[in-house]
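A.B. asks: Below is the file start_26.txt, with compact mmCIF, C-alpha atoms.
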# COMPACT_ATOMS: atom_id res chain seq x y z
CA MET A 1 111.93 58.91 -166.08
CA PHE A 2 114.86 58.57 -163.68
CA GLU A 3 113.83 55.03 -162.71
CA ARG A 4 113.52 54.11 -166.39
CA SER A 5 117.03 55.40 -167.12
CA LYS A 6 118.41 53.37 -164.21
CA MET A 7 116.66 50.24 -165.48
CA ALA A 8 118.09 50.87 -168.93
CA ALA A 9 121.57 51.26 -167.46
CA THR A 10 121.17 48.03 -165.50
CA GLY A 11 120.00 46.19 -168.61
CA ALA A 12 122.95 47.56 -170.58
CA SER A 13 125.34 46.39 -167.86
CA LEU A 14 123.82 42.90 -167.90
CA LEU A 15 124.07 42.70 -171.68
CA ARG A 16 127.66 43.93 -171.56
CA GLY A 17 128.52 41.31 -168.94
CA LEU A 18 126.85 38.57 -170.99
CA GLY A 19 128.73 39.69 -174.08
CA ILE A 20 132.04 39.59 -172.23
CA ALA A 21 131.26 36.09 -170.92
CA VAL A 22 130.44 34.84 -174.42
CA ALA A 23 133.62 36.41 -175.80
CA LEU A 24 135.73 34.73 -173.10
CA VAL A 25 134.18 31.35 -173.89
CA ILE A 26 134.92 31.85 -177.61
CA VAL A 27 138.55 32.76 -176.87
CA TRP A 28 138.79 29.80 -174.50
CA GLN A 29 137.49 27.40 -177.17
CA ALA A 30 139.83 28.94 -179.74
CA ILE A 31 142.82 28.27 -177.47
CA ILE A 32 141.68 24.66 -177.12
CA LEU A 33 141.42 24.24 -180.91
CA ILE A 34 144.72 25.96 -181.72
CA PHE A 35 147.05 24.72 -178.98
CA ALA A 36 145.24 21.49 -177.94
CA PRO A 37 146.39 21.52 -174.29
CA PRO A 38 145.81 18.37 -172.20
CA PRO A 39 142.36 18.36 -170.56
CA PHE A 40 143.91 18.16 -167.10
CA MET A 41 145.59 21.52 -167.79
CA LEU A 42 142.79 23.35 -169.59
CA PRO A 43 139.51 21.49 -170.14
CA PRO A 44 137.22 22.60 -173.00
CA PRO A 45 134.12 24.66 -172.13
CA ALA A 46 131.83 21.74 -173.03
CA LYS A 47 133.51 19.52 -170.44
CA VAL A 48 133.16 22.21 -167.78
CA TRP A 49 129.47 22.53 -168.64
CA GLN A 50 129.14 18.75 -168.38
CA ALA A 51 130.75 18.89 -164.92
CA LEU A 52 128.17 21.44 -163.84
CA ILE A 53 125.37 19.15 -164.98
CA SER A 54 126.83 15.88 -163.71
CA LYS A 55 127.68 17.29 -160.27
CA PRO A 56 124.51 19.02 -159.04
CA GLU A 57 125.97 19.29 -155.53
CA LEU A 58 128.10 22.15 -156.84
CA TRP A 59 125.08 24.42 -157.27
CA THR A 60 122.68 22.76 -154.79
CA ARG A 61 125.04 22.46 -151.80
CA ASP A 62 128.42 24.13 -152.33
CA ALA A 63 127.36 27.35 -154.07
CA PRO A 64 124.56 28.14 -151.55
CA THR A 65 127.00 27.51 -148.67
CA THR A 66 129.55 29.95 -150.07
CA LEU A 67 126.80 32.45 -150.91
CA ILE A 68 125.46 32.40 -147.33
CA GLU A 69 128.97 32.86 -145.92
CA THR A 70 129.58 35.71 -148.36
CA ILE A 71 126.36 37.57 -147.60
CA ILE A 72 126.65 37.27 -143.81
CA GLY A 73 130.34 38.22 -143.95
CA LEU A 74 129.53 41.18 -146.17
CA ILE A 75 126.86 42.42 -143.77
CA THR A 76 128.93 41.96 -140.61
CA GLY A 77 132.08 43.38 -142.20
CA SER A 78 130.24 46.40 -143.59
CA VAL A 79 128.55 47.16 -140.27
CA ALA A 80 131.81 46.70 -138.34
CA GLY A 81 133.74 48.86 -140.81
CA ALA A 82 131.14 51.64 -140.80
CA LEU A 83 130.94 51.70 -136.99
CA LEU A 84 134.72 51.73 -136.68
CA ALA A 85 134.99 54.61 -139.15
CA LEU A 86 132.35 56.53 -137.22
CA LEU A 87 134.18 55.91 -133.94
CA MET A 88 137.52 57.05 -135.39
CA MET A 89 135.91 60.23 -136.68
CA LEU A 90 134.20 61.03 -133.37
CA VAL A 91 137.37 60.33 -131.35
CA PRO A 92 140.28 61.61 -133.51
CA PRO A 93 143.06 60.45 -131.10
CA LEU A 94 141.63 56.95 -131.27
CA GLY A 95 141.50 57.17 -135.06
CA ARG A 96 145.16 58.22 -135.26
CA MET A 97 146.08 55.26 -133.07
CA LEU A 98 143.91 52.66 -134.81
CA MET A 99 144.55 53.49 -138.47
CA PRO A 100 148.22 52.34 -138.50
CA ILE A 101 147.17 49.15 -136.70
CA LEU A 102 144.49 48.49 -139.31
CA VAL A 103 146.97 49.06 -142.13
CA VAL A 104 149.43 46.62 -140.56
CA THR A 105 146.75 43.96 -140.12
CA GLN A 106 145.85 44.25 -143.79
CA ALA A 107 149.51 43.59 -144.68
CA PHE A 108 149.31 40.12 -143.11
CA PRO A 109 148.63 37.35 -145.67
CA VAL A 110 145.08 36.09 -145.19
CA PHE A 111 146.32 32.53 -145.52
CA ALA A 112 148.41 33.08 -142.39
CA ILE A 113 145.42 33.81 -140.16
CA ALA A 114 142.90 31.46 -141.77
CA PRO A 115 144.21 28.36 -139.89
CA LEU A 116 143.96 30.27 -136.62
CA LEU A 117 140.35 31.20 -137.34
CA VAL A 118 139.53 27.56 -137.99
CA LEU A 119 141.10 26.63 -134.65
CA TRP A 120 139.23 29.39 -132.81
CA PHE A 121 135.84 29.16 -134.54
CA GLY A 122 135.79 25.58 -135.80
CA PHE A 123 135.27 24.02 -139.23
CA GLY A 124 131.71 25.30 -139.51
CA ILE A 125 130.31 28.43 -141.08
CA GLY A 126 131.57 30.68 -138.26
CA SER A 127 135.24 30.72 -139.29
CA LYS A 128 134.31 31.48 -142.92
CA ILE A 129 132.09 34.38 -141.90
CA VAL A 130 134.86 35.80 -139.73
CA MET A 131 137.32 35.39 -142.61
CA ALA A 132 135.01 37.23 -145.01
CA THR A 133 134.44 39.94 -142.39
CA ILE A 134 138.18 40.49 -141.93
CA ALA A 135 138.70 40.60 -145.69
CA ILE A 136 136.19 43.39 -146.29
CA PHE A 137 135.85 45.55 -143.19
CA PHE A 138 138.99 47.59 -143.93
CA PRO A 139 137.86 48.90 -147.36
CA VAL A 140 134.56 49.97 -145.82
CA ALA A 141 136.18 51.54 -142.75
CA SER A 142 138.84 53.35 -144.78
CA ALA A 143 136.47 54.72 -147.43
CA PHE A 144 133.78 55.78 -144.94
CA HIS A 145 136.33 57.41 -142.61
CA ASP A 146 137.74 59.42 -145.51
CA GLY A 147 134.24 60.56 -146.42
CA LEU A 148 133.41 61.57 -142.86
CA THR A 149 136.63 63.53 -142.35
CA ARG A 150 136.59 65.27 -145.73
CA THR A 151 133.22 66.95 -145.53
CA ASP A 152 133.11 70.22 -147.45
CA GLU A 153 134.25 72.95 -145.08
CA SER A 154 131.67 75.34 -146.50
CA LEU A 155 128.92 72.97 -145.34
CA LEU A 156 130.45 72.76 -141.88
CA ASP A 157 130.75 76.56 -141.73
CA LEU A 158 127.10 76.83 -142.72
CA GLY A 159 126.17 74.47 -139.92
CA ARG A 160 128.18 76.46 -137.38
CA LEU A 161 126.56 79.65 -138.65
CA HIS A 162 123.18 78.15 -137.82
CA ARG A 163 124.53 76.91 -134.46
CA ALA A 164 124.13 73.25 -135.31
CA ARG A 165 124.86 70.92 -132.44
CA PRO A 166 127.54 68.22 -132.90
CA TYR A 167 125.01 65.44 -133.46
CA GLN A 168 123.14 67.63 -135.97
CA GLU A 169 126.38 68.31 -137.82
CA LEU A 170 127.04 64.58 -137.94
CA VAL A 171 123.55 63.48 -139.02
CA LEU A 172 122.68 66.35 -141.36
CA LEU A 173 126.06 67.22 -142.89
CA ARG A 174 128.81 64.66 -142.43
CA LEU A 175 126.82 61.46 -142.96
CA PRO A 176 125.05 62.52 -146.19
CA SER A 177 128.34 63.83 -147.58
CA ALA A 178 130.13 60.58 -146.69
CA LEU A 179 127.53 58.21 -148.15
CA PRO A 180 129.09 58.24 -151.66
CA ALA A 181 132.42 57.21 -150.11
CA LEU A 182 130.65 54.49 -148.14
CA ALA A 183 129.00 53.31 -151.35
CA SER A 184 132.42 53.00 -153.01
CA GLY A 185 133.74 51.02 -150.06
CA LEU A 186 130.77 48.67 -150.17
CA ARG A 187 131.25 48.04 -153.89
CA VAL A 188 134.88 47.07 -153.27
CA ALA A 189 133.88 44.93 -150.29
CA ALA A 190 131.36 43.04 -152.42
CA VAL A 191 134.26 41.74 -154.51
CA TYR A 192 136.42 40.76 -151.53
CA ALA A 193 133.69 38.96 -149.58
CA PRO A 194 133.55 35.79 -151.75
CA VAL A 195 137.36 35.62 -151.71
CA GLY A 196 137.43 35.68 -147.91
CA ALA A 197 134.84 32.92 -147.68
CA LEU A 198 136.68 30.85 -150.28
CA ILE A 199 140.00 31.08 -148.42
CA GLY A 200 138.30 29.97 -145.23
CA GLU A 201 136.88 26.95 -147.05
CA TRP A 202 140.30 26.04 -148.43
CA VAL A 203 141.72 25.82 -144.92
CA GLY A 204 138.97 23.66 -143.46
CA ALA A 205 135.38 22.94 -144.46
CA SER A 206 132.97 20.17 -145.33
CA SER A 207 131.10 22.04 -148.08
CA GLY A 208 131.36 25.16 -150.20
CA LEU A 209 132.93 26.04 -153.53
CA GLY A 210 136.39 26.32 -151.97
CA TYR A 211 136.04 22.83 -150.51
CA ALA A 212 134.82 21.48 -153.87
CA MET A 213 137.78 23.08 -155.67
CA LEU A 214 140.24 21.66 -153.15
CA MET A 215 138.84 18.14 -153.44
CA ALA A 216 138.67 18.30 -157.25
CA ASN A 217 142.21 19.63 -157.49
CA GLY A 218 143.51 16.74 -155.39
CA ARG A 219 141.82 14.32 -157.79
CA ALA A 220 143.07 16.15 -160.92
CA GLN A 221 139.46 16.98 -161.88
CA THR A 222 140.27 20.27 -163.55
CA ASP A 223 136.86 20.51 -165.17
CA VAL A 224 135.21 20.52 -161.73
CA VAL A 225 137.64 23.22 -160.57
CA PHE A 226 136.68 25.39 -163.54
CA ALA A 227 132.99 24.70 -162.93
CA ALA A 228 133.36 25.89 -159.33
CA LEU A 229 135.25 28.96 -160.53
CA ALA A 230 132.45 29.76 -162.99
CA LEU A 231 129.88 29.55 -160.18
CA LEU A 232 132.08 31.72 -157.97
CA ALA A 233 132.42 34.34 -160.72
CA ALA A 234 128.66 34.41 -161.28
CA MET A 235 128.11 34.72 -157.54
CA ALA A 236 130.58 37.61 -157.24
CA LEU A 237 128.87 39.46 -160.09
CA LEU A 238 125.42 38.95 -158.57
CA VAL A 239 126.55 40.07 -155.11
CA ARG A 240 128.20 43.18 -156.51
CA ALA A 241 125.15 43.99 -158.65
CA ALA A 242 122.97 43.74 -155.54
CA VAL A 243 125.33 46.03 -153.61
CA VAL A 244 125.39 48.54 -156.47
CA ALA A 245 121.57 48.56 -156.53
CA LEU A 246 121.49 49.06 -152.77
CA THR A 247 124.00 51.91 -152.82
CA ARG A 248 121.94 53.64 -155.51
CA ARG A 249 119.06 53.57 -153.03
CA ILE A 250 120.96 54.84 -149.98
CA ALA A 251 123.05 57.38 -151.92
CA PRO A 252 121.34 58.24 -155.22
CA TRP A 253 123.54 61.32 -155.56
CA ALA A 254 126.73 59.20 -155.60
CA PRO A 255 128.57 58.91 -158.95
CA GLU A 256 127.34 55.94 -160.98
CA THR A 257 129.75 53.06 -161.36
CA ARG A 258 130.70 51.98 -164.89
CA LEU A 259 131.85 48.51 -163.85
Is it possible to give me this structure as structure tokens?
C.D. replies:
Amino acid sequence: MFERSKMAATGASLLRGLGIAVALVIVWQAIILIFAPPPFMLPPPAKVWQALISKPELWTRDAPTTLIETIIGLITGSVAGALLALLMMLVPPLGRMLMPILVVTQAFPVFAIAPLLVLWFGFGIGSKIVMATIAIFFPVASAFHDGLTRTDESLLDLGRLHRARPYQELVLLRLPSALPALASGLRVAAVYAPVGALIGEWVGASSGLGYAMLMANGRAQTDVVFAALALLAAMALLVRAAVVALTRRIAPWAPETRL
């Protein structure tokens, strides 16, 4: 019964997303008909669809490249963020020292460090993965650290009453209580990961949606830019849906997302 309700909720979310997409296309077409902007400023939806069909490299080469960078960056960033949060919780002085540094690093514009990453890691997939990792590890680390350090004191008192050892307190009390916070961090990270990969491709790449957008923009091919954006949006939604499904598995007691 529970599985059936989750499948129904997933189906409702997909239908809602499809309805929103159709509504946006209708509004888009209405703007074209009413204001008649030049195609190089705002191409009609039919021209964007034609660009998707006439340029198969967008979805056979560029989209898979960005997707691979996004998935690997999401995995490495999530693991790094979770391990860092765990380390800061286990060693509080280290956590108090590292947290301000992490906040300051997040204040730096990502465009400022992207050229450095290309110089250090090259024009290949490595620099894009590192960029995606940097973009998402802080939300995971921050959310998971908050969950670990805000465990219900009554649970901790119960553990001390039963003389739980530190590792038992961590594994049996703190980690299960922090999993909903980790799930929230992962859902946020799933949105940031494609952005990090895209920025890395803008700085230097030979394939990927960011590279395709940059080349098309230089040639005033606005329809190709919109086609790449449509693929990126679909990719972001799919990645987030996969992360939401995963977090429902690892933390079924976490509050359900409505987005």
A.B. asks: Just want the 12 Å neighbourhood of A:Leu229, counted on all atoms listed in the file, with same-chain residues fewer than 3 positions away dropped. Output as a ChimeraX atom specification.
C.D. replies: /A:48-49,51-52,58-59,62-63,66,194-195,198,208-214,216,222-226,232-236
A.B. asks: Ranking A:Gly204, A:Gly126, A:Pro252, A:Gly218 by minimum distance to A:Gly73 and counting only C-alpha atoms, which one comes first?
C.D. replies: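 With only C-alpha atoms as the atom set, the closest residue is A:Gly126.
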A.B. asks: Using all atoms listed in the file, which residues sit within 9 Å of stretch 131-139 of chain A once same-chain residues fewer than 4 positions away are excluded, as a count of residues only?
C.D. replies: 40
A.B. asks: Tell me, as a ChimeraX atom specification, which residues lie within 10 Å of A:Leu116, counting all atoms listed in the file; anything in the same chain fewer than 5 positions away does not count.
C.D. replies: /A:111,121-122,127,203
A.B. asks: One number please: atom CA of A:Ala107 to atom CA of A:Arg240, in Å, one decimal.
C.D. replies: 24.4 Å
